[in-house]
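**Q** Pasting protein14.tsv here (TSV, C-alpha atoms (C1' of nucleotides)):
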chain	number	residue	atom	x	y	z
A	15	MET	CA	0.00	0.00	0.00
A	16	ALA	CA	1.19	3.44	-0.90
A	17	ARG	CA	2.23	5.86	1.79
A	18	TRP	CA	-0.67	8.07	0.77
A	19	GLU	CA	-3.72	7.74	-1.44
A	20	PRO	CA	-3.41	9.47	-4.82
A	21	GLY	CA	-5.74	12.23	-5.92
A	22	ALA	CA	-5.52	14.44	-2.86
A	23	ASP	CA	-6.42	17.39	-5.05
A	24	GLY	CA	-9.82	16.04	-6.11
A	25	ARG	CA	-10.59	14.77	-2.61
A	26	LEU	CA	-9.88	18.20	-1.16
A	27	ARG	CA	-12.13	19.90	-3.71
A	28	GLU	CA	-15.00	17.54	-3.02
A	29	ALA	CA	-14.57	17.69	0.75
A	30	ALA	CA	-14.47	21.47	0.65
A	31	LEU	CA	-17.64	21.90	-1.42
A	32	THR	CA	-19.52	19.41	0.74
A	33	LEU	CA	-18.53	21.07	3.98
A	34	PHE	CA	-19.12	24.59	2.64
A	35	LEU	CA	-22.64	23.57	1.63
A	36	GLU	CA	-23.34	21.85	4.95
A	37	ARG	CA	-22.03	24.46	7.38
A	38	GLY	CA	-21.00	27.50	5.40
A	39	TYR	CA	-17.61	28.71	4.21
A	40	GLU	CA	-16.56	30.69	7.26
A	41	GLU	CA	-17.72	28.02	9.70
A	42	THR	CA	-15.53	25.45	7.97
A	43	THR	CA	-11.84	25.36	8.86
A	44	VAL	CA	-9.07	24.25	6.55
A	45	ALA	CA	-8.14	21.60	9.11
A	46	GLU	CA	-11.60	20.07	8.80
A	47	ILE	CA	-11.47	19.95	5.01
A	48	ALA	CA	-8.04	18.39	5.14
A	49	GLN	CA	-9.11	15.81	7.70
A	50	ARG	CA	-12.11	14.81	5.55
A	51	ALA	CA	-9.78	14.37	2.59
A	52	GLY	CA	-7.29	12.36	4.67
A	53	VAL	CA	-4.44	14.85	4.63
A	54	THR	CA	-3.14	17.62	6.87
A	55	ALA	CA	-3.81	21.33	6.66
A	56	ARG	CA	-0.24	21.86	5.50
A	57	THR	CA	-0.97	19.71	2.44
A	58	TYR	CA	-4.11	21.73	1.69
A	59	PHE	CA	-1.97	24.83	1.34
A	60	ARG	CA	0.43	23.02	-0.92
A	61	HIS	CA	-2.42	22.35	-3.37
A	62	PHE	CA	-4.21	25.67	-3.02
A	63	ALA	CA	-2.63	29.04	-2.41
A	64	ASP	CA	-5.26	29.91	0.17
A	65	LYS	CA	-8.51	28.65	1.65
A	66	ARG	CA	-10.67	30.11	-1.12
A	67	GLU	CA	-8.74	28.82	-4.09
A	68	VAL	CA	-10.15	25.29	-3.78
A	69	LEU	CA	-13.38	26.55	-5.39
A	70	PHE	CA	-11.69	28.32	-8.29
A	71	SER	CA	-9.02	26.04	-9.65
A	72	GLY	CA	-11.19	25.24	-12.68
A	73	ALA	CA	-10.49	28.68	-14.11
A	74	GLU	CA	-7.22	27.51	-15.63
A	75	GLY	CA	-9.04	25.29	-18.11
A	76	VAL	CA	-11.25	28.18	-19.14
A	77	ARG	CA	-8.25	30.43	-19.68
A	78	ALA	CA	-6.57	27.84	-21.86
A	79	GLY	CA	-9.72	27.23	-23.91
A	80	MET	CA	-10.27	30.92	-24.55
A	81	ALA	CA	-6.65	31.52	-25.54
A	82	GLU	CA	-6.72	28.59	-27.95
A	83	ALA	CA	-10.01	29.69	-29.53
A	84	MET	CA	-8.68	33.18	-30.15
A	85	ALA	CA	-5.44	31.95	-31.65
A	86	GLY	CA	-7.41	29.74	-34.03
A	87	ALA	CA	-9.92	32.37	-35.16
A	88	PRO	CA	-10.04	33.36	-38.86
A	89	ALA	CA	-7.61	36.10	-39.77
A	90	ASP	CA	-10.36	38.45	-40.95
A	91	ALA	CA	-12.57	38.07	-37.86
A	92	THR	CA	-13.57	41.33	-36.15
A	93	PRO	CA	-12.55	41.87	-32.49
A	94	VAL	CA	-16.11	41.18	-31.34
A	95	ALA	CA	-16.25	38.02	-33.45
A	96	VAL	CA	-13.00	36.81	-31.87
A	97	ALA	CA	-14.40	37.52	-28.43
A	98	GLY	CA	-17.49	35.53	-29.40
A	99	LEU	CA	-15.36	32.51	-30.23
A	100	ALA	CA	-13.58	32.87	-26.90
A	101	LEU	CA	-16.97	32.89	-25.15
A	102	ASP	CA	-17.94	29.74	-27.06
A	103	ALA	CA	-14.79	28.11	-25.70
A	104	ALA	CA	-15.59	29.24	-22.16
A	105	ALA	CA	-19.06	27.73	-22.51
A	106	GLU	CA	-17.47	24.51	-23.71
A	107	ALA	CA	-15.24	24.36	-20.61
A	108	ILE	CA	-17.97	25.24	-18.10
A	109	GLY	CA	-21.33	24.33	-19.57
A	110	HIS	CA	-21.31	20.57	-19.10
A	111	ARG	CA	-21.35	20.68	-15.29
A	112	ARG	CA	-24.33	22.82	-14.43
A	113	ASP	CA	-25.06	20.88	-11.21
A	114	PHE	CA	-21.58	21.53	-9.87
A	115	TYR	CA	-21.72	25.22	-10.70
A	116	ARG	CA	-25.15	25.59	-9.14
A	117	GLN	CA	-23.90	24.16	-5.86
A	118	ARG	CA	-20.74	26.22	-6.05
A	119	GLN	CA	-22.82	29.34	-6.73
A	120	VAL	CA	-24.83	28.82	-3.53
A	121	VAL	CA	-21.60	28.82	-1.56
A	122	VAL	CA	-20.09	31.79	-3.37
A	123	GLU	CA	-23.20	33.95	-3.09
A	124	ALA	CA	-23.23	33.43	0.67
A	125	ASN	CA	-19.75	34.85	1.18
A	126	VAL	CA	-18.15	38.12	0.15
A	127	GLU	CA	-14.57	36.83	0.16
A	128	LEU	CA	-15.54	34.21	-2.38
A	129	GLN	CA	-17.30	36.78	-4.55
A	130	GLU	CA	-14.13	38.84	-4.49
A	131	ARG	CA	-12.09	35.90	-5.69
A	132	GLU	CA	-14.62	35.12	-8.40
A	133	LEU	CA	-14.40	38.66	-9.74
A	134	MET	CA	-10.62	38.44	-9.70
A	135	LYS	CA	-10.71	35.26	-11.74
A	136	LEU	CA	-12.99	36.96	-14.27
A	137	ALA	CA	-10.60	39.90	-14.42
A	138	GLY	CA	-7.84	37.41	-15.20
A	139	LEU	CA	-9.91	36.10	-18.10
A	140	ALA	CA	-10.30	39.68	-19.34
A	141	ASP	CA	-6.51	39.93	-19.37
A	142	VAL	CA	-6.29	36.76	-21.45
A	143	LEU	CA	-8.82	38.15	-23.91
A	144	ALA	CA	-7.07	41.50	-24.17
A	145	ALA	CA	-3.73	39.78	-24.75
A	146	GLY	CA	-5.26	37.54	-27.41
A	147	LEU	CA	-6.72	40.52	-29.24
A	148	ARG	CA	-3.46	42.46	-29.09
A	149	GLU	CA	-1.77	39.37	-30.52
A	150	ARG	CA	-4.09	39.83	-33.49
A	151	ASP	CA	-3.01	43.48	-33.86
A	152	VAL	CA	-6.10	45.01	-32.31
A	153	PRO	CA	-4.78	48.28	-30.84
A	154	ASP	CA	-4.87	48.52	-27.09
A	155	PRO	CA	-7.69	50.88	-26.19
A	156	GLU	CA	-10.09	48.81	-28.29
A	157	ALA	CA	-8.62	45.45	-27.22
A	158	ARG	CA	-9.12	46.35	-23.57
A	159	LEU	CA	-12.68	47.54	-24.09
A	160	VAL	CA	-13.76	44.50	-26.11
A	161	ALA	CA	-12.11	42.16	-23.60
A	162	GLU	CA	-13.86	43.78	-20.65
A	163	ALA	CA	-17.16	43.84	-22.52
A	164	ALA	CA	-16.84	40.14	-23.30
A	165	ILE	CA	-16.25	39.38	-19.62
A	166	THR	CA	-19.37	41.37	-18.81
A	167	VAL	CA	-21.21	39.06	-21.20
A	168	LEU	CA	-19.68	36.04	-19.47
A	169	ARG	CA	-20.67	37.29	-16.02
A	170	VAL	CA	-24.23	38.20	-16.98
A	171	GLY	CA	-24.77	35.10	-19.10
A	172	PHE	CA	-23.29	32.73	-16.54
A	173	HIS	CA	-25.56	34.19	-13.91
A	174	ARG	CA	-28.64	33.74	-16.09
A	175	TRP	CA	-27.57	30.18	-16.84
A	176	VAL	CA	-27.02	29.00	-13.25
A	177	ALA	CA	-30.16	30.80	-12.08
A	178	SER	CA	-32.30	29.30	-14.83
A	179	ALA	CA	-35.05	26.94	-13.71
A	180	HIS	CA	-34.55	24.70	-16.74
A	181	ASP	CA	-31.83	22.09	-17.12
A	182	THR	CA	-32.03	22.38	-20.86
A	183	VAL	CA	-30.66	25.90	-21.12
A	184	ASP	CA	-27.30	25.86	-22.90
A	185	LEU	CA	-24.55	28.15	-21.64
A	186	GLY	CA	-23.12	28.72	-25.10
A	187	VAL	CA	-26.49	29.81	-26.47
A	188	THR	CA	-27.05	32.07	-23.47
A	189	LEU	CA	-23.68	33.78	-23.91
A	190	ARG	CA	-24.40	34.38	-27.59
A	191	GLU	CA	-27.76	35.92	-26.69
A	192	VAL	CA	-26.21	38.28	-24.16
A	193	LEU	CA	-23.43	39.23	-26.56
A	194	GLY	CA	-26.10	40.10	-29.13
A	195	GLU	CA	-27.92	42.24	-26.59
A	196	LEU	CA	-24.73	44.08	-25.67
A	197	VAL	CA	-23.72	44.98	-29.22
A	198	GLY	CA	-27.36	45.94	-29.83
A	199	LEU	CA	-27.35	48.59	-27.09
A	200	ARG	CA	-28.10	52.14	-28.22
A	201	GLY	CA	-27.86	55.43	-26.35
B	95	MET	CA	-7.11	69.27	25.43
B	96	ALA	CA	-9.38	66.51	24.19
B	97	ARG	CA	-8.87	62.93	25.29
B	98	TRP	CA	-8.30	62.04	21.65
B	99	GLU	CA	-7.49	64.10	18.57
B	100	PRO	CA	-10.45	64.57	16.23
B	101	GLY	CA	-10.67	62.85	12.85
B	102	ALA	CA	-9.23	59.47	13.69
B	103	ASP	CA	-10.87	58.26	10.51
B	104	GLY	CA	-9.02	60.68	8.28
B	105	ARG	CA	-5.73	60.19	10.15
B	106	LEU	CA	-5.99	56.43	9.71
B	107	ARG	CA	-6.66	56.81	5.98
B	108	GLU	CA	-3.70	59.09	5.52
B	109	ALA	CA	-1.37	56.98	7.67
B	110	ALA	CA	-2.39	53.84	5.79
B	111	LEU	CA	-1.79	55.27	2.31
B	112	THR	CA	1.57	56.70	3.35
B	113	LEU	CA	2.78	53.45	4.87
B	114	PHE	CA	1.43	51.33	2.02
B	115	LEU	CA	3.35	53.50	-0.47
B	116	GLU	CA	6.53	53.45	1.61
B	117	ARG	CA	6.76	49.74	2.46
B	118	GLY	CA	3.97	47.96	0.63
B	119	TYR	CA	0.56	46.78	1.78
B	120	GLU	CA	1.51	43.36	3.09
B	121	GLU	CA	4.62	44.61	4.85
B	122	THR	CA	2.53	47.12	6.80
B	123	THR	CA	0.67	45.87	9.87
B	124	VAL	CA	-2.56	47.29	11.19
B	125	ALA	CA	-0.78	47.99	14.48
B	126	GLU	CA	1.71	50.26	12.66
B	127	ILE	CA	-1.03	52.22	10.89
B	128	ALA	CA	-2.90	52.65	14.15
B	129	GLN	CA	0.23	53.78	15.98
B	130	ARG	CA	1.00	56.40	13.31
B	131	ALA	CA	-2.56	57.70	13.65
B	132	GLY	CA	-2.31	57.75	17.44
B	133	VAL	CA	-4.87	55.05	18.16
B	134	THR	CA	-4.87	51.31	18.89
B	135	ALA	CA	-5.39	48.48	16.43
B	136	ARG	CA	-8.73	47.87	18.06
B	137	THR	CA	-9.83	51.36	17.05
B	138	TYR	CA	-8.72	50.71	13.47
B	139	PHE	CA	-11.13	47.80	13.27
B	140	ARG	CA	-13.94	49.90	14.70
B	141	HIS	CA	-13.53	52.36	11.81
B	142	PHE	CA	-12.87	49.83	9.03
B	143	ALA	CA	-14.29	46.33	8.71
B	144	ASP	CA	-10.90	44.91	7.81
B	145	LYS	CA	-7.37	45.97	6.92
B	146	ARG	CA	-8.20	46.62	3.26
B	147	GLU	CA	-11.28	48.76	3.75
B	148	VAL	CA	-9.27	51.86	4.68
B	149	LEU	CA	-8.55	52.36	0.96
B	150	PHE	CA	-12.14	51.95	-0.21
B	151	SER	CA	-14.36	53.93	2.09
B	152	GLY	CA	-14.82	56.60	-0.59
B	153	ALA	CA	-17.08	54.27	-2.56
B	154	GLU	CA	-20.09	55.26	-0.46
B	155	GLY	CA	-20.10	58.77	-1.90
B	156	VAL	CA	-19.97	57.38	-5.43
B	157	ARG	CA	-22.91	55.09	-4.72
B	158	ALA	CA	-24.98	57.95	-3.38
B	159	GLY	CA	-24.14	60.20	-6.31
B	160	MET	CA	-25.05	57.57	-8.88
B	161	ALA	CA	-28.34	56.74	-7.16
B	162	GLU	CA	-29.30	60.40	-6.98
B	163	ALA	CA	-28.43	61.02	-10.64
B	164	MET	CA	-30.56	58.09	-11.77
B	165	ALA	CA	-33.51	59.16	-9.66
B	166	GLY	CA	-33.33	62.64	-11.14
B	167	ALA	CA	-33.02	61.57	-14.80
B	168	PRO	CA	-35.73	62.63	-17.28
B	169	ALA	CA	-38.67	60.25	-17.43
B	170	ASP	CA	-38.16	59.51	-21.13
B	171	ALA	CA	-34.42	58.78	-20.90
B	172	THR	CA	-33.31	55.44	-22.35
B	173	PRO	CA	-31.57	52.92	-20.03
B	174	VAL	CA	-28.19	53.73	-21.56
B	175	ALA	CA	-28.85	57.46	-21.16
B	176	VAL	CA	-29.67	56.93	-17.49
B	177	ALA	CA	-26.47	54.94	-17.06
B	178	GLY	CA	-24.61	57.81	-18.71
B	179	LEU	CA	-25.94	60.24	-16.15
B	180	ALA	CA	-24.89	57.86	-13.37
B	181	LEU	CA	-21.39	57.76	-14.85
B	182	ASP	CA	-21.34	61.57	-14.93
B	183	ALA	CA	-22.15	61.53	-11.21
B	184	ALA	CA	-19.39	59.01	-10.53
B	185	ALA	CA	-16.92	61.25	-12.36
B	186	GLU	CA	-18.13	64.17	-10.26
B	187	ALA	CA	-17.42	62.25	-7.04
B	188	ILE	CA	-14.03	60.89	-8.11
B	189	GLY	CA	-12.56	63.16	-10.75
B	190	HIS	CA	-11.37	66.06	-8.63
B	191	ARG	CA	-8.71	64.08	-6.78
B	192	ARG	CA	-6.58	62.55	-9.48
B	193	ASP	CA	-3.39	62.73	-7.38
B	194	PHE	CA	-4.95	60.73	-4.58
B	195	TYR	CA	-6.30	58.10	-6.93
B	196	ARG	CA	-2.96	57.79	-8.73
B	197	GLN	CA	-1.19	57.06	-5.46
B	198	ARG	CA	-3.93	54.72	-4.37
B	199	GLN	CA	-3.74	52.92	-7.72
B	200	VAL	CA	-0.03	52.21	-7.24
B	201	VAL	CA	-0.82	50.48	-3.96
B	202	VAL	CA	-3.81	48.57	-5.34
B	203	GLU	CA	-2.01	47.33	-8.44
B	204	ALA	CA	0.76	45.91	-6.28
B	205	ASN	CA	-1.56	43.67	-4.28
B	206	VAL	CA	-4.11	41.07	-5.33
B	207	GLU	CA	-6.22	41.33	-2.17
B	208	LEU	CA	-6.75	45.02	-2.85
B	209	GLN	CA	-7.66	44.35	-6.46
B	210	GLU	CA	-10.25	41.86	-5.25
B	211	ARG	CA	-11.79	44.42	-2.97
B	212	GLU	CA	-11.81	47.02	-5.73
B	213	LEU	CA	-13.69	44.69	-8.04
B	214	MET	CA	-16.18	43.97	-5.27
B	215	LYS	CA	-16.82	47.68	-4.78
B	216	LEU	CA	-17.43	48.05	-8.52
B	217	ALA	CA	-19.82	45.10	-8.41
B	218	GLY	CA	-21.67	46.92	-5.63
B	219	LEU	CA	-21.99	49.94	-7.91
B	220	ALA	CA	-23.42	47.67	-10.61
B	221	ASP	CA	-26.06	46.60	-8.10
B	222	VAL	CA	-26.93	50.23	-7.43
B	223	LEU	CA	-27.25	50.89	-11.15
B	224	ALA	CA	-29.40	47.82	-11.74
B	225	ALA	CA	-31.67	48.78	-8.85
B	226	GLY	CA	-31.98	52.33	-10.15
B	227	LEU	CA	-32.95	51.08	-13.60
B	228	ARG	CA	-35.51	48.65	-12.21
B	229	GLU	CA	-36.95	51.54	-10.25
B	230	ARG	CA	-37.53	53.18	-13.62
B	231	ASP	CA	-39.36	50.08	-14.87
B	232	VAL	CA	-36.53	48.74	-17.00
B	233	PRO	CA	-37.16	44.96	-16.97
B	234	ASP	CA	-34.54	42.91	-15.24
B	235	PRO	CA	-32.54	41.14	-17.91
B	236	GLU	CA	-31.91	44.47	-19.62
B	237	ALA	CA	-31.38	46.40	-16.37
B	238	ARG	CA	-28.69	43.95	-15.30
B	239	LEU	CA	-26.92	44.03	-18.64
B	240	VAL	CA	-26.91	47.83	-18.91
B	241	ALA	CA	-25.74	48.15	-15.31
B	242	GLU	CA	-22.85	45.73	-15.82
B	243	ALA	CA	-21.94	47.38	-19.13
B	244	ALA	CA	-21.85	50.77	-17.43
B	245	ILE	CA	-19.50	49.43	-14.78
B	246	THR	CA	-17.28	48.09	-17.53
B	247	VAL	CA	-17.18	51.64	-18.88
B	248	LEU	CA	-16.31	52.94	-15.41
B	249	ARG	CA	-13.52	50.41	-14.96
B	250	VAL	CA	-11.98	50.95	-18.39
B	251	GLY	CA	-12.40	54.72	-18.31
B	252	PHE	CA	-11.05	55.08	-14.78
B	253	HIS	CA	-8.01	53.07	-15.76
B	254	ARG	CA	-7.34	55.26	-18.81
B	255	TRP	CA	-7.77	58.34	-16.66
B	256	VAL	CA	-5.36	57.43	-13.85
B	257	ALA	CA	-2.85	56.05	-16.34
B	258	SER	CA	-2.97	59.18	-18.49
B	259	ALA	CA	0.22	61.20	-18.65
B	260	HIS	CA	-1.69	64.49	-18.74
B	261	ASP	CA	-3.18	66.20	-15.73
B	262	THR	CA	-5.75	67.89	-17.89
B	263	VAL	CA	-7.68	64.76	-18.84
B	264	ASP	CA	-11.19	64.91	-17.39
B	265	LEU	CA	-12.71	61.74	-15.99
B	266	GLY	CA	-16.24	62.67	-17.05
B	267	VAL	CA	-15.15	63.22	-20.64
B	268	THR	CA	-13.21	59.96	-20.62
B	269	LEU	CA	-16.17	57.97	-19.35
B	270	ARG	CA	-18.42	59.47	-22.04
B	271	GLU	CA	-15.85	58.52	-24.69
B	272	VAL	CA	-15.67	54.93	-23.51
B	273	LEU	CA	-19.46	54.69	-23.28
B	274	GLY	CA	-19.64	55.87	-26.87
B	275	GLU	CA	-17.13	53.23	-27.93
B	276	LEU	CA	-19.08	50.51	-26.15
B	277	VAL	CA	-22.45	51.29	-27.72
B	278	GLY	CA	-20.65	51.64	-31.05
B	279	LEU	CA	-19.33	48.05	-30.98
B	280	ARG	CA	-20.44	45.84	-33.87
B	281	GLY	CA	-20.05	42.11	-34.39
C	289	DG	C1'	-8.56	46.24	26.16
C	290	DT	C1'	-7.01	41.43	26.42
C	291	DC	C1'	-7.31	36.75	24.78
C	292	DT	C1'	-7.88	33.29	21.30
C	293	DA	C1'	-8.87	30.81	16.95
C	294	DT	C1'	-7.59	30.42	12.35
C	295	DA	C1'	-5.16	31.50	8.05
C	296	DG	C1'	-1.04	31.11	6.06
C	297	DT	C1'	4.41	30.47	5.85
C	298	DG	C1'	9.16	28.35	6.41
C	299	DC	C1'	11.89	24.56	7.13
C	300	DG	C1'	13.52	19.96	8.11
C	301	DA	C1'	12.42	15.04	8.04
C	302	DT	C1'	10.38	11.14	5.71
C	303	DA	C1'	8.92	7.77	2.47
C	304	DG	C1'	8.08	6.09	-1.79
C	305	DA	C1'	8.74	6.26	-7.28
C	306	DC	C1'	12.02	6.31	-10.83
D	235	DG	C1'	21.18	8.72	-6.17
D	236	DT	C1'	17.06	12.42	-7.59
D	237	DC	C1'	12.38	13.94	-7.52
D	238	DT	C1'	7.99	14.56	-5.51
D	239	DA	C1'	4.39	14.55	-2.12
D	240	DT	C1'	3.62	14.34	2.48
D	241	DC	C1'	3.96	15.33	7.61
D	242	DG	C1'	4.97	17.94	11.74
D	243	DC	C1'	6.29	21.71	14.11
D	244	DA	C1'	7.11	26.56	15.14
D	245	DC	C1'	5.75	30.96	14.03
D	246	DT	C1'	3.24	35.58	12.72
D	247	DA	C1'	-0.79	38.55	11.82
D	248	DT	C1'	-5.51	39.11	11.19
D	249	DA	C1'	-9.85	39.29	13.01
D	250	DG	C1'	-13.22	38.41	16.13
D	251	DA	C1'	-14.68	36.92	20.79
D	252	DC	C1'	-14.94	37.83	25.47
Write out the structure in this file as structure tokens.
**A**
Amino acid sequence: MARWEPGADGRLREAALTLFLERGYEETTVAEIAQRAGVTARTYFRHFADKREVLFSGAEGVRAGMAEAMAGAPADATPVAVAGLALDAAAEAIGHRRDFYRQRQVVVEANVELQERELMKLAGLADVLAAGLRERDVPDPEARLVAEAAITVLRVGFHRWVASAHDTVDLGVTLREVLGELVGLRG
Amino acid sequence: MARWEPGADGRLREAALTLFLERGYEETTVAEIAQRAGVTARTYFRHFADKREVLFSGAEGVRAGMAEAMAGAPADATPVAVAGLALDAAAEAIGHRRDFYRQRQVVVEANVELQERELMKLAGLADVLAAGLRERDVPDPEARLVAEAAITVLRVGFHRWVASAHDTVDLGVTLREVLGELVGLRG
DNA sequence: GTCTATAGTGCGATAGAC
DNA sequence: GTCTATCGCACTATAGAC
């Protein structure tokens, strides 16, 4: 038998979400999460930079998907069209686990620290988008604005999607709808 | 002579910004800020909910200004026009102290925790905007989208403004420019 | 105004995989 | 032997409880 069971990372994530749902984020200590996952608190902090990060480690996959989608977009695509493809990729990375994100959302909405981290992760995605647009020679004032606008679409659309009463709602479709509404805005 | 000097609040704010600029946010303890302001750490936490909040207490004035501007907007104004008036009010509350916000920005950009709090304050302003639009009978999916889009304008425009090399740039003008760019976006 | 719990860090030791 | 994941302990500062 191995000295330790493999997959500490996944066990910690699952233990954390379960405990946060049962007793709340603040009322759960890192030591308790670690114990439930069969490791020590010191190991928790080796996997996650801080207590909150256990709920947000999925963002890396989204970043990668968006960057790849932008790099592969047609050369003549407009900035907004490129952002649309990046949003499609985000939907691809997120949209197949609505149950998980609904549970996670309950925890996040109950705690300000977690909301802060969520916004920071979204800001990081905006940076990825802006960098991807600049890579395609979109000049910086416009690249920044389109990137931030696309993240607004992601935030608003994601919220509609997790709050929706129907399982059948597709995240990708929702994001495209919101993007259409945004570019349709008039003063 | 009074038992304590008046304006502990203002002294704490000033002491905090000075120390954060000199030695960095993380390297400064609450006890040091309190000592420089002539109070105890306990008093610091009576004035500010946590260590970070000392840099963000100005947000309340912005909230109030935006809410008032929206309530006073013409009855036939479009949602985007109402958001524009709210942005004008935000510029009014912020724009006259560019030096302060430039210094503050140096501190915030050097620390992730502070960036998280900043994003949370902006999200709070989005809530104010959405509520103000709903008050004017703008239905909720649109109210939310316009509110979040306006905060995108505020974020992008504020950043251009503090980063500008010229003292003469006006925040209100900048926000109007960015709002125009956003509603001008096409797919 | 003091006391305490918890988050988070640094470092050395350990045990297995390769 | 090297590399990696873990433990265990000592330690500081925040933040809240008493």
**Q** Can you work out which residues from chain D touch chain A at a cut-off of 9 Å (counting only C-alpha atoms (C1' of nucleotides)) and hand them back as a PDB file with C-alpha atoms (C1' of nucleotides), keeping the file's coordinate frame?
**A**
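Result saved to out-v3.pdb:
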ATOM      1  C1'  DA D 239       4.390  14.550  -2.120  1.00  0.00           C
ATOM      2  C1'  DT D 240       3.620  14.340   2.480  1.00  0.00           C
ATOM      3  C1'  DC D 241       3.960  15.330   7.610  1.00  0.00           C
TER       4       DC D 241
END
**Q** Contacts of A:Gly98 at 8 Å or less, counting all atoms listed in the file, minus same-chain residues fewer than 2 places along, as a short mmCIF file (atom, residue, chain, number, x, y, z; two decimals) with C-alpha atoms, in the coordinates of the input?
**A**
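Everything below was put into around.cif:
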data_model
loop_
_atom_site.label_atom_id
_atom_site.label_comp_id
_atom_site.auth_asym_id
_atom_site.auth_seq_id
_atom_site.Cartn_x
_atom_site.Cartn_y
_atom_site.Cartn_z
CA VAL A 94 -16.11 41.18 -31.34
CA ALA A 95 -16.25 38.02 -33.45
CA VAL A 96 -13.00 36.81 -31.87
CA ALA A 100 -13.58 32.87 -26.90
CA LEU A 101 -16.97 32.89 -25.15
CA ASP A 102 -17.94 29.74 -27.06
CA ALA A 164 -16.84 40.14 -23.30
CA ARG A 190 -24.40 34.38 -27.59
CA LEU A 193 -23.43 39.23 -26.56
#
**Q** Measuring atom to atom with all atoms listed in the file, identify which of B:Leu269, B:Val240, B:Ala171, B:Leu106 is nearest to B:Leu149.
**A** B:Leu106
**Q** Show me the residues close to (-9.4, 34.7, 20.7) - anything with an atom within 12 Å, counting all atoms listed in the file - and format the list as a list in words.
**A** DT290, DC291, DT292, DA293 and DT294 of chain C; DT248, DA249, DG250, DA251 and DC252 of chain D
**Q** Using all atoms listed in the file, I'd like a table of the residues in chain B that come within 6 Å of chain A; for each, show the closest atom pair and its distance in Å rounded to one decimal, ordered by chain and ascending number, as CSV.
**A**
residue,atom,partner,partner_atom,distance
B:Val174,CA,A:Gly201,CA,5.1
B:Ala175,CA,A:Gly201,CA,5.7
B:Glu210,CA,A:Glu130,CA,5.0
B:Met214,CA,A:Glu130,CA,5.6
B:Val277,CA,A:Leu199,CA,5.6
B:Leu279,CA,A:Val197,CA,5.6
B:Arg280,CA,A:Val197,CA,5.8
B:Gly281,CA,A:Val94,CA,5.1
**Q** Dump as JSON lines the rows for residues of chain A within 9 Å of chain C: closest atom pair and distance in Å with one decimal, only C-alpha atoms (C1' of nucleotides) counted, ordered by chain and rising residue number.
**A**
{"residue": "A:Ala16", "atom": "CA", "partner": "C:DG304", "partner_atom": "C1'", "distance": 7.4}
{"residue": "A:Arg17", "atom": "CA", "partner": "C:DG304", "partner_atom": "C1'", "distance": 6.9}
{"residue": "A:Thr43", "atom": "CA", "partner": "C:DT294", "partner_atom": "C1'", "distance": 7.5}
{"residue": "A:Val44", "atom": "CA", "partner": "C:DA295", "partner_atom": "C1'", "distance": 8.4}
{"residue": "A:Phe59", "atom": "CA", "partner": "C:DG296", "partner_atom": "C1'", "distance": 7.9}
{"residue": "A:Ala63", "atom": "CA", "partner": "C:DG296", "partner_atom": "C1'", "distance": 8.9}
{"residue": "A:Asp64", "atom": "CA", "partner": "C:DG296", "partner_atom": "C1'", "distance": 7.3}
{"residue": "A:Lys65", "atom": "CA", "partner": "C:DA295", "partner_atom": "C1'", "distance": 7.8}
**Q** As an exercise, work out the distance from atom CA of A:Leu33 to atom CA of A:Trp175 in Å and give it to one decimal place.
**A**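 So the answer is 24.5 Å.
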